[in-house]
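One structure below.
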Amino acid sequence: MSGEETVTSGVGELPPELACRPLGFIVLTGLDVVYNAVHKAIWDSFSASRRPDRVPLSFAVFAGDHEYPKCRSKRSSYEWYIPKGILKTGWMNKHLSMVPAVVVIFFDLDWDEPMWKERQMECATRVEVVRSSLTGRGTKVAVVLIQKNAPLPPGEDMVAAERAAALCSACDLSAKSLFVLPHTDHLFGYTIRLENAFYELAQSYYHTEARRVKAHKEFLNKTTHQLLFVRHAFKTAFFNELKQDTHTALKQYKVAYAYVSELRAHDTNMLEIKTIAGFINYKICKLSFQHNAPLDAISQFRKHVDFYKDKTGCSELAFEHSAWMCKQFQIFGDLFDDAIRAGLNAIQTQHPGFYYQQAANHAINRKQLCRGLCLSATSMPDPNPLEEADKLEYYGQRPWRQGHQSIDPPDPGKEKEGIQALQYKEDRVDHSWIIIPLLSSAVAQFKKYKSPRMKRYLMVQMGEEYYHARDYNKALTLLDRVTWDYRSERWWDLLTSILTLALRCAYLVASIKEYVTLSLELIGRYAKISAEEKRHIQMNLIRVISNKAPEPEAGCPNESIENAKKLWKEMLEKDEPAMFTVEMQNIVPFVECKSRFSTSKCGAEKPVVLQVYLRALCQFPMQFSKLSVLLSTQHYNQFCTLTDGQAASSTEGVAPHGSHGDLYLTPGQVKLYTFHFVALPEDVGRKIEINSVALTLGNEDTCCAILHWSGAGNDSASMTNIQEDVTRRRGQPKPNELDWDFIHVDPAISIVPRSSEMNIQLHHNPPTLMNEFYCINIVLTNNEKVTIDNLSISAGLKEGQDTTLESSTHVYLDEVTVGSVAPSRVKNISLGSLQANERIEKKLYVKALQTGSRVISIKTSYQVQVDVSHEDQNSQVQCTCYKEETIAVQTVLPYDVSVKLASLKFETVEHVHSDEPFLLMVDIKCTSPWPIAIETSHLTLSNEVKSMDDSLESQLTSVSLKLNEGASECFCLVAPANHQQGTVPIGHYSIKWKRISDDGSQPSVQTVLALPTVMVENIPLFIETSIPSHGRVRSPLPVKYTIYNKTPMVQEIEAGMEPSEAFMFSGHKQVCFRVLPSNSQSLSYNLYPLVPGHVKLPRLHINMPRYPGVADDLGGRMLPSHIFIKPQGKELTTENVTG
């Protein structure tokens, strides 16, 4: 861009004094900040660290005799005054940094100064010098005395009060304008107090100035003083801003804007009006955002642009109007963005991006107008009419006719030269560098507010501007970032336009990879260009792949083409070959690929068939050099590679191969390439997937493009549109014809084991009984035609069932090992080799510890040599075959065991007495559908219980039970006396049994049952009865009662026999006696039965004073209650016999 300007001509630009925040201007004099450390510290306390919480003031250090701008004499009347412009260029800066609101005179003077009079006169002189330089202005003057010591509290230092009054009188100051600044450790605190005082003085000054300017309105008329109405309203607003009264300032700016809108506009003053209108509009919008009124700011801006959008001005300088409009939108976008950064919430339909976009559109329009209007401006007029452009007296005026307000220009010749100079200057501007930053700002905003389509649209515009700016690399990068979205949404016309521009950029920067990638897409089926253009692009593609420079693309700048030719020459002359990969799923190329396996499953004994379909949709045939398919298992990649010229199975959809080689693709024809390979044994049970397909275009020694499809093929168009899978023709294709739409991608194949010819037979008798060794006879028969090797068997509980079955199922193969912990399944038990038609038998014993259903699995695996043939070649492959048989068995209980306790009278009891015998009764009921044999049973007693018999012999030895049959046995036990009563265990009861089988080979099972616990109670006495088993009517019946004392003390016992109508008796009817500890006493009675039958015995009542009520109850439970009495017999006589 040599000799060209990259910035605007200044139309619409905001001067720095307008864009900054107006701050009250305070001048500090009397400070020597270079040589005096105290003064330097004071100045730093005012100027450094101006945080937002400090008062909004601007400070400057001037010399005491500084000359301030002279104040012109005030007008008493505007009757004959004709203004030359609206707003002077130096006025704002004058009041921001030249004319102070307050001048502060710093003076070193303590209250105890010995030479007080002389120092007082010196201070008064300095004040007078400052006042004389500010003659005619209302600037406030204040004096600050720099003192070494901190002042005393008010009222205590009378000397200070007197001298302060004298100093104020000498300097003609009010007491409120005299301050003391002690230079102590608290200097910053004193400075803050002084700032606040200065701020009040400054506000008073600016308030007075605003009222003074506003008062001029009374002397103006709208006929000749229209410009003054605008000027005075603007000044009033600006003074209120300096005063920090932004609400009043906003009101006055709106008044000024209304006055501007009423000005009579023509070509000579249009630029000045628009410039001032832009200034005031900026102020109104900025203050509205500050007041948190964004809708007011937006409304004002819309009204502003709607009013001035058609006020072009001089038609020969129409580009200036576009530049001004561009700047208005850009400025408002910046204001909007600043407000958002300050906390304003924007929405998707109203954010700064729209204003940056409109600014860019006006900048583009400016560029177009420049091309049409500035062609004749070939040189700058001499003398240059724009020399005084930086020294204008009024904003927005032409430098060759400053101060002129008439409708017609004063000098038509100079006017023509000025227009020519502006056109020449505009023609030297590179508009692209104005447009690109605006578009970039708009893109950032649309991205932030999630508007992807607008973002892409603007990025395309940016790419075009980079192209016009001849920054082709950036243009190529930007265009490449948006093409994917236009492909996915299938905007083919837009995509074609973008790709065409990108192709020019790729040519101009000599990017081989980008050029080839774009060419692959532009000669495809979706590119909306003519066939002639596609032929040109395809020929250029072949040239690049052949390591030759392409022909220039149409529409490229001539000066850039020469540079591009040099770049291509340098690129192609490099020693290393140009090899690169093109990801085809990201573009829509002219060559399409689909790959698939012939089936979804393939046995290990069969070859895997992989098919690759290629179709080219270009203008004339294309030759490729290599086709490779990369699979998930790298071992197979060597079998799926085809280099041009090698033999391969291929079929064309329309015509035969011809003599063009295997990878010669004819436009519109589908070509099929088939690959075969045999799966490895370790891949049985796995999936083989197509990872990618690579088609090589070009020579690997010079220039080579590897077209890479991820997965099994397809491109970005077919992957993003469901309609791609819908066929475009009716009916099936003809025989020997390949229809692309009927080809479906199948990227994976499962390698399944070879079908097993092993026959597994299982013989068993369900259901299985809990805890038994359930026998399953396994018969394996080899039905293969050859010998099988490495035969192994796995048997047991099938995996994937309830976890509780794992611990409750034990299996044994062939032999049962009693006492060892058996697993729930046995795995990979080697059985060696098995000849053809040979069989082998095995026995599996399953022991189920819980009832319920469980699935038993018997699985075999073996290896066999299989002949595999493909492509007229035979080879042997060792295959591993698997066969599994499962059976579901139900486990039931073999028998039901019930245990109960009884007294010697066979009455069921819940608890027993110590030293009192009781009965343990065991009942066994068969619940098995199969007969079971009880070999023996055994009772194991605990230490707390003993048997009344000398030995415990089984009463159920060699007992066989069928379904619902039962068996019982009884044991007489006693719990020996102990000193503590409580619950005691009885022991264990075990049964040794088995299922009755024909061969008798069923192993026996011993089941151990835990007997219940029993509550043992200690009783004070025990009664033993000695009585015959039966009696006879009118025959004596002797009865003896023995009473045992079970306590450690002597017990008194009262006994009495209850009378009975069924018996007469002899013996003690009532007796009282004592029984020593652990001794006994016997009572004998002779009973005389009177009636036969099951007769109730007379009851013996026992009473123990130490245990009232207990002994008699115990006796009632211990003593027999009834006895069988036979009737009296008769003598056998002859009469009885014959009768």
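Letters for chains follow the order of the structure tokens (A, B, ...), residue numbers begin at 1 for each chain, and ligand numbers begin at 1 in the order shown.
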
*Contact residues around Val103 (chain A) with only C-alpha atoms at 12 Å, ignoring same-chain residues under 3 positions, as number ranges by chain*: A: 24-30, 58-66, 68, 98-100, 106, 126-131, 133-134, 137-144, 177, 198-199, 201-202, 205

Close residues, region 1111-1126 of chain A itself excluded, 10 Å, only C-alpha atoms, min 6 positions apart in chain, as JSON, numbers by chain:
{"A": [903, 904, 905, 913, 916, 1019, 1020, 1021, 1022, 1023, 1024, 1025, 1026, 1027, 1028, 1029, 1030, 1031, 1032, 1033, 1034, 1035, 1037, 1041, 1043, 1053, 1054, 1055, 1089, 1090, 1091, 1092, 1093, 1094, 1095, 1096, 1097, 1098, 1099, 1100, 1101, 1102, 1103, 1104, 1105]}

May I have the residues from that selection written out with N, CA and C atoms, as a compact mmCIF listing (two decimals), in the first residue's frame?
```txt
# COMPACT_ATOMS: atom_id res chain seq x y z
N SER A 903 -43.00 -84.14 77.59
CA SER A 903 -42.79 -84.72 78.91
C SER A 903 -42.90 -86.24 78.81
N LEU A 904 -42.67 -86.91 79.97
CA LEU A 904 -42.78 -88.37 79.94
C LEU A 904 -44.21 -88.82 79.69
N LYS A 905 -45.14 -87.88 79.82
CA LYS A 905 -46.53 -88.20 79.51
C LYS A 905 -46.86 -87.88 78.06
N HIS A 913 -37.55 -79.11 83.29
CA HIS A 913 -37.03 -78.90 84.63
C HIS A 913 -35.73 -79.64 84.79
N GLU A 916 -35.21 -83.47 85.57
CA GLU A 916 -36.48 -84.12 85.21
C GLU A 916 -36.37 -84.65 83.79
N ILE A 1019 -36.24 -76.38 90.06
CA ILE A 1019 -37.44 -76.54 90.88
C ILE A 1019 -37.02 -76.99 92.27
N PRO A 1020 -37.83 -76.65 93.27
CA PRO A 1020 -37.44 -77.00 94.65
C PRO A 1020 -37.58 -78.49 94.97
N LEU A 1021 -38.43 -79.20 94.23
CA LEU A 1021 -38.60 -80.62 94.54
C LEU A 1021 -38.88 -81.39 93.29
N PHE A 1022 -38.69 -82.68 93.44
CA PHE A 1022 -38.98 -83.59 92.32
C PHE A 1022 -39.70 -84.81 92.91
N ILE A 1023 -40.77 -85.22 92.25
CA ILE A 1023 -41.58 -86.35 92.76
C ILE A 1023 -41.46 -87.49 91.78
N GLU A 1024 -41.08 -88.64 92.27
CA GLU A 1024 -40.98 -89.86 91.46
C GLU A 1024 -42.08 -90.82 91.89
N THR A 1025 -42.83 -91.32 90.94
CA THR A 1025 -43.98 -92.20 91.23
C THR A 1025 -43.65 -93.63 90.81
N SER A 1026 -43.89 -94.56 91.70
CA SER A 1026 -43.73 -95.98 91.38
C SER A 1026 -45.11 -96.61 91.45
N ILE A 1027 -45.66 -97.05 90.30
CA ILE A 1027 -47.01 -97.56 90.20
C ILE A 1027 -47.07 -98.60 89.09
N PRO A 1028 -47.81 -99.66 89.24
CA PRO A 1028 -47.94 -100.64 88.16
C PRO A 1028 -48.58 -100.00 86.94
N SER A 1029 -48.41 -100.71 85.82
CA SER A 1029 -48.95 -100.17 84.58
C SER A 1029 -50.46 -100.24 84.52
N HIS A 1030 -51.08 -101.19 85.28
CA HIS A 1030 -52.53 -101.28 85.29
C HIS A 1030 -52.96 -101.95 86.59
N GLY A 1031 -54.23 -101.87 86.88
CA GLY A 1031 -54.77 -102.50 88.07
C GLY A 1031 -56.01 -103.32 87.75
N ARG A 1032 -56.60 -103.98 88.79
CA ARG A 1032 -57.79 -104.80 88.62
C ARG A 1032 -58.80 -104.41 89.69
N VAL A 1033 -60.04 -104.40 89.33
CA VAL A 1033 -61.10 -104.03 90.27
C VAL A 1033 -61.04 -104.96 91.47
N ARG A 1034 -61.08 -104.29 92.65
CA ARG A 1034 -61.12 -104.98 93.93
C ARG A 1034 -59.85 -105.80 94.16
N SER A 1035 -58.78 -105.32 93.55
CA SER A 1035 -57.47 -105.93 93.81
C SER A 1035 -56.55 -104.83 94.29
N LEU A 1037 -53.67 -102.17 94.81
CA LEU A 1037 -52.79 -101.50 93.84
C LEU A 1037 -51.78 -100.65 94.62
N TYR A 1041 -44.74 -92.84 96.34
CA TYR A 1041 -44.34 -91.50 95.90
C TYR A 1041 -43.04 -91.15 96.63
N ILE A 1043 -40.33 -88.16 97.24
CA ILE A 1043 -40.21 -86.70 97.12
C ILE A 1043 -38.76 -86.33 97.40
N ILE A 1053 -42.54 -80.17 104.40
CA ILE A 1053 -43.46 -80.54 103.33
C ILE A 1053 -44.74 -81.07 103.97
N GLU A 1054 -45.85 -80.57 103.48
CA GLU A 1054 -47.15 -81.08 103.91
C GLU A 1054 -47.75 -81.84 102.74
N ALA A 1055 -48.18 -83.10 102.98
CA ALA A 1055 -48.74 -83.95 101.93
C ALA A 1055 -50.12 -84.45 102.38
N PRO A 1089 -59.10 -100.35 93.74
CA PRO A 1089 -59.97 -99.84 92.68
C PRO A 1089 -61.40 -100.35 92.84
N LEU A 1090 -62.34 -99.49 92.57
CA LEU A 1090 -63.75 -99.85 92.70
C LEU A 1090 -64.44 -99.93 91.35
N VAL A 1091 -63.93 -99.24 90.32
CA VAL A 1091 -64.55 -99.23 88.99
C VAL A 1091 -63.51 -99.53 87.94
N PRO A 1092 -63.87 -100.17 86.82
CA PRO A 1092 -62.91 -100.44 85.75
C PRO A 1092 -62.84 -99.26 84.77
N GLY A 1093 -61.86 -99.34 83.87
CA GLY A 1093 -61.70 -98.33 82.82
C GLY A 1093 -60.49 -97.43 83.04
N HIS A 1094 -60.46 -96.37 82.26
CA HIS A 1094 -59.38 -95.37 82.40
C HIS A 1094 -59.79 -94.43 83.51
N VAL A 1095 -59.30 -94.73 84.69
CA VAL A 1095 -59.82 -94.11 85.89
C VAL A 1095 -58.82 -93.06 86.38
N LYS A 1096 -59.38 -91.98 86.87
CA LYS A 1096 -58.57 -90.90 87.42
C LYS A 1096 -58.07 -91.31 88.79
N LEU A 1097 -56.75 -91.17 89.02
CA LEU A 1097 -56.14 -91.51 90.29
C LEU A 1097 -56.43 -90.42 91.31
N PRO A 1098 -56.51 -90.80 92.58
CA PRO A 1098 -56.62 -89.76 93.62
C PRO A 1098 -55.33 -88.95 93.64
N ARG A 1099 -55.45 -87.63 93.72
CA ARG A 1099 -54.30 -86.74 93.58
C ARG A 1099 -53.65 -86.51 94.94
N LEU A 1100 -52.31 -86.54 94.93
CA LEU A 1100 -51.52 -86.23 96.12
C LEU A 1100 -51.17 -84.74 96.08
N HIS A 1101 -51.64 -84.00 97.09
CA HIS A 1101 -51.39 -82.57 97.15
C HIS A 1101 -50.16 -82.31 98.00
N ILE A 1102 -49.24 -81.49 97.51
CA ILE A 1102 -47.99 -81.16 98.19
C ILE A 1102 -47.97 -79.66 98.46
N ASN A 1103 -47.53 -79.30 99.66
CA ASN A 1103 -47.43 -77.88 100.01
C ASN A 1103 -46.09 -77.66 100.71
N MET A 1104 -45.37 -76.60 100.29
CA MET A 1104 -44.10 -76.24 100.91
C MET A 1104 -44.24 -74.81 101.39
N PRO A 1105 -44.11 -74.58 102.69
CA PRO A 1105 -44.27 -73.21 103.22
C PRO A 1105 -43.29 -72.23 102.58
```

task = For region 982-992 of chain A, please output as a PyMOL selection string all residues within 7 Å (counting only C-alpha atoms; exclusion window: fewer than 6 positions along the same chain).
result = chain A and resi 934-942+944-945+1004-1017

Go ahead and write the selection's residues with N, CA, C and O atoms as a short mmCIF file (atom, residue, chain, number, x, y, z; two decimals), in the first residue's frame.
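What follows is the written file again-v1.cif:
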```cif
data_model
loop_
_atom_site.label_atom_id
_atom_site.label_comp_id
_atom_site.auth_asym_id
_atom_site.auth_seq_id
_atom_site.Cartn_x
_atom_site.Cartn_y
_atom_site.Cartn_z
N ILE A 934 -32.40 -93.55 54.03
CA ILE A 934 -31.71 -93.01 55.21
C ILE A 934 -30.81 -94.12 55.72
O ILE A 934 -31.27 -95.15 56.22
N GLU A 935 -29.52 -93.93 55.58
CA GLU A 935 -28.57 -94.95 56.01
C GLU A 935 -28.47 -95.00 57.53
O GLU A 935 -28.45 -96.08 58.13
N THR A 936 -28.39 -93.84 58.15
CA THR A 936 -28.33 -93.80 59.61
C THR A 936 -28.57 -92.37 60.05
O THR A 936 -28.62 -91.44 59.24
N SER A 937 -28.78 -92.25 61.39
CA SER A 937 -28.93 -90.93 61.99
C SER A 937 -28.12 -90.92 63.28
O SER A 937 -27.81 -91.97 63.86
N HIS A 938 -27.82 -89.71 63.74
CA HIS A 938 -26.98 -89.62 64.93
C HIS A 938 -27.32 -88.34 65.67
O HIS A 938 -27.53 -87.29 65.07
N LEU A 939 -27.44 -88.50 67.02
CA LEU A 939 -27.74 -87.37 67.88
C LEU A 939 -26.48 -87.02 68.67
O LEU A 939 -25.94 -87.85 69.41
N THR A 940 -26.03 -85.79 68.52
CA THR A 940 -24.86 -85.30 69.25
C THR A 940 -25.36 -84.28 70.26
O THR A 940 -25.92 -83.24 69.89
N LEU A 941 -25.19 -84.62 71.57
CA LEU A 941 -25.71 -83.77 72.62
C LEU A 941 -24.65 -82.77 73.08
O LEU A 941 -23.45 -83.04 73.03
N SER A 942 -25.15 -81.66 73.58
CA SER A 942 -24.24 -80.65 74.16
C SER A 942 -23.89 -81.06 75.58
O SER A 942 -24.46 -82.00 76.15
N GLU A 944 -24.65 -79.59 78.28
CA GLU A 944 -25.69 -79.26 79.24
C GLU A 944 -26.81 -80.30 79.27
O GLU A 944 -27.72 -80.21 80.08
N VAL A 945 -26.83 -81.24 78.32
CA VAL A 945 -27.92 -82.22 78.23
C VAL A 945 -27.29 -83.62 78.19
O VAL A 945 -26.26 -83.83 77.53
N SER A 1004 -23.37 -90.74 49.12
CA SER A 1004 -24.20 -90.41 50.27
C SER A 1004 -23.95 -88.98 50.70
O SER A 1004 -22.87 -88.42 50.50
N VAL A 1005 -24.99 -88.44 51.36
CA VAL A 1005 -24.93 -87.05 51.84
C VAL A 1005 -25.26 -87.06 53.32
O VAL A 1005 -26.20 -87.74 53.76
N GLN A 1006 -24.47 -86.35 54.07
CA GLN A 1006 -24.74 -86.22 55.50
C GLN A 1006 -25.17 -84.79 55.77
O GLN A 1006 -24.43 -83.84 55.54
N THR A 1007 -26.44 -84.70 56.27
CA THR A 1007 -27.01 -83.40 56.57
C THR A 1007 -27.06 -83.22 58.06
O THR A 1007 -27.60 -84.09 58.77
N VAL A 1008 -26.53 -82.14 58.55
CA VAL A 1008 -26.49 -81.85 59.98
C VAL A 1008 -27.46 -80.72 60.26
O VAL A 1008 -27.42 -79.67 59.63
N LEU A 1009 -28.36 -80.99 61.25
CA LEU A 1009 -29.35 -80.00 61.62
C LEU A 1009 -29.08 -79.54 63.04
O LEU A 1009 -28.81 -80.35 63.93
N ALA A 1010 -29.16 -78.29 63.30
CA ALA A 1010 -29.01 -77.74 64.64
C ALA A 1010 -30.33 -77.86 65.37
O ALA A 1010 -31.38 -77.42 64.87
N LEU A 1011 -30.33 -78.51 66.55
CA LEU A 1011 -31.53 -78.67 67.35
C LEU A 1011 -31.84 -77.38 68.10
O LEU A 1011 -30.93 -76.59 68.38
N PRO A 1012 -33.10 -77.17 68.44
CA PRO A 1012 -33.45 -75.92 69.12
C PRO A 1012 -32.91 -75.89 70.55
O PRO A 1012 -32.58 -76.92 71.13
N THR A 1013 -32.84 -74.71 71.08
CA THR A 1013 -32.46 -74.55 72.49
C THR A 1013 -33.69 -74.74 73.37
O THR A 1013 -34.83 -74.62 72.90
N VAL A 1014 -33.45 -75.05 74.66
CA VAL A 1014 -34.56 -75.30 75.58
C VAL A 1014 -34.32 -74.51 76.86
O VAL A 1014 -33.18 -74.32 77.30
N MET A 1015 -35.41 -74.02 77.43
CA MET A 1015 -35.34 -73.30 78.68
C MET A 1015 -35.38 -74.30 79.83
O MET A 1015 -36.31 -75.10 79.95
N VAL A 1016 -34.35 -74.32 80.69
CA VAL A 1016 -34.24 -75.22 81.83
C VAL A 1016 -34.53 -74.42 83.10
O VAL A 1016 -33.90 -73.38 83.33
N GLU A 1017 -35.49 -74.93 83.88
CA GLU A 1017 -35.87 -74.26 85.11
C GLU A 1017 -35.43 -75.09 86.30
O GLU A 1017 -35.58 -76.33 86.31
#
```

- [ ] Find the residues near Glu316 (chain A): any atom within 9 Å, counting only C-alpha atoms, skip ones fewer than 2 places away on the same chain, and give them as a ChimeraX atom specification.
- [x] /A:313-314,318-319,373-374,419,423

Written file, previous selection with C-alpha atoms, as an mmCIF file, in the first residue's frame:
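So result-v9.cif came out as:
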```cif
data_model
loop_
_atom_site.group_PDB
_atom_site.id
_atom_site.type_symbol
_atom_site.label_atom_id
_atom_site.label_comp_id
_atom_site.auth_asym_id
_atom_site.auth_seq_id
_atom_site.Cartn_x
_atom_site.Cartn_y
_atom_site.Cartn_z
ATOM 1 C CA GLY A 313 -24.667 17.565 0.028
ATOM 2 C CA CYS A 314 -22.455 18.087 -2.974
ATOM 3 C CA ALA A 318 -21.157 11.913 -2.100
ATOM 4 C CA PHE A 319 -18.513 9.594 -0.651
ATOM 5 C CA LEU A 373 -16.479 9.781 -8.614
ATOM 6 C CA CYS A 374 -12.714 9.930 -8.194
ATOM 7 C CA ILE A 419 -13.472 19.196 -4.765
ATOM 8 C CA GLN A 423 -11.489 13.387 -4.595
#
```

_Counting only C-alpha atoms, the residue of A:Leu797, A:Leu145, A:Cys775, A:Cys20 that sits nearest Lys827 (chain A)_ =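 Closest residue, counting only C-alpha atoms: A:Leu797.
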
List every residue of region 265-311 of chain A that DSSP, applied to the backbone, labels as helix (DSSP H, G or I), and write the result as number ranges by chain.
A: 270-290, 294-308

So that I can see what lies close to region 324-329 of chain A, please list as a CSV table (one decimal) with N, CA and C atoms, in the first residue's frame the residues with an atom at most 6 Å from it, counting only C-alpha atoms and leaving out residues fewer than 4 positions away in the same chain.
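This went into around.csv:
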```
chain,number,residue,atom,x,y,z
A,11,VAL,N,-13.8,13.1,8.0
A,11,VAL,CA,-15.3,13.4,8.1
A,11,VAL,C,-16.0,12.6,9.1
A,12,GLY,N,-16.6,13.2,10.0
A,12,GLY,CA,-17.4,12.5,11.1
A,12,GLY,C,-16.5,12.1,12.3
A,355,TYR,N,-25.0,-2.2,14.5
A,355,TYR,CA,-24.5,-0.8,14.2
A,355,TYR,C,-23.1,-0.9,13.5
A,359,ALA,N,-22.3,0.4,9.8
A,359,ALA,CA,-21.1,1.2,9.5
A,359,ALA,C,-20.3,0.6,8.4
A,362,HIS,N,-22.0,1.2,5.0
A,362,HIS,CA,-21.7,2.6,4.5
A,362,HIS,C,-20.3,2.7,4.0
A,363,ALA,N,-19.3,2.1,4.7
A,363,ALA,CA,-18.0,2.1,4.2
A,363,ALA,C,-17.8,1.5,2.9
```

Next item on the list: With a distance cut-off of 6 Å and only C-alpha atoms, select the neighbouring residues of region 570-578 of chain A, excluding the residue or stretch itself and same-chain residues fewer than 2 positions from it, and output the selection as number ranges by chain.
Entry: A: 567-568, 701-703

| message | Let me make sure I understand: among A:Met579, A:Ile407, A:Val443, A:Val429, which one has the smallest atom-to-atom distance to Lys455 (chain A) if we use only C-alpha atoms? | response |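 With only C-alpha atoms as the atom set, the closest residue is A:Val443.
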
List as an MDAnalysis selection string the protein and nucleic acid residues near Tyr206 (chain A), meaning an atom at most 9 Å away when only C-alpha atoms are counted, but skip any in the same chain fewer than 3 places from it. chainID A and resid 24 101 201:203 209:211 239:243

- Query: Distance CA of Leu901 (chain A)-CA of Leu963 (chain A), one decimal place?
  - Reply: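 Separation between CA of Leu901 (chain A) and CA of Leu963 (chain A): 25.8 Å.
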
message: Taking only region 557-612 of chain A into account, list the residues labelled strand (DSSP E) by DSSP (computed from the backbone), as a PyMOL selection string.
response: chain A and resi 578-583+591-597+601-603+607-612

Writing out the chosen residues with C-alpha atoms as a PDB file, in the first residue's frame:
```pdb
ATOM      1  CA  ALA A 578       4.384 -31.867  -2.150  1.00  0.00           C
ATOM      2  CA  MET A 579       2.317 -34.456  -0.258  1.00  0.00           C
ATOM      3  CA  PHE A 580      -0.794 -33.533   1.688  1.00  0.00           C
ATOM      4  CA  THR A 581      -4.054 -35.055   2.899  1.00  0.00           C
ATOM      5  CA  VAL A 582      -7.512 -33.753   2.050  1.00  0.00           C
ATOM      6  CA  GLU A 583     -10.268 -34.669   4.524  1.00  0.00           C
ATOM      7  CA  VAL A 591     -15.166 -38.111  -6.486  1.00  0.00           C
ATOM      8  CA  GLU A 592     -17.427 -40.042  -4.112  1.00  0.00           C
ATOM      9  CA  CYS A 593     -16.676 -43.149  -2.098  1.00  0.00           C
ATOM     10  CA  LYS A 594     -18.742 -45.776  -0.320  1.00  0.00           C
ATOM     11  CA  SER A 595     -17.267 -48.868   1.305  1.00  0.00           C
ATOM     12  CA  ARG A 596     -18.949 -51.817   2.929  1.00  0.00           C
ATOM     13  CA  PHE A 597     -18.507 -55.415   3.990  1.00  0.00           C
ATOM     14  CA  LYS A 601     -21.282 -61.384  10.083  1.00  0.00           C
ATOM     15  CA  CYS A 602     -18.658 -63.757   8.807  1.00  0.00           C
ATOM     16  CA  GLY A 603     -17.561 -67.121  10.105  1.00  0.00           C
ATOM     17  CA  PRO A 607     -12.929 -65.123   3.745  1.00  0.00           C
ATOM     18  CA  VAL A 608     -14.007 -61.565   4.561  1.00  0.00           C
ATOM     19  CA  VAL A 609     -15.195 -59.636   1.478  1.00  0.00           C
ATOM     20  CA  LEU A 610     -14.673 -55.848   1.470  1.00  0.00           C
ATOM     21  CA  GLN A 611     -16.205 -53.733  -1.304  1.00  0.00           C
ATOM     22  CA  VAL A 612     -15.218 -50.159  -2.231  1.00  0.00           C
TER      23      VAL A 612
END
```
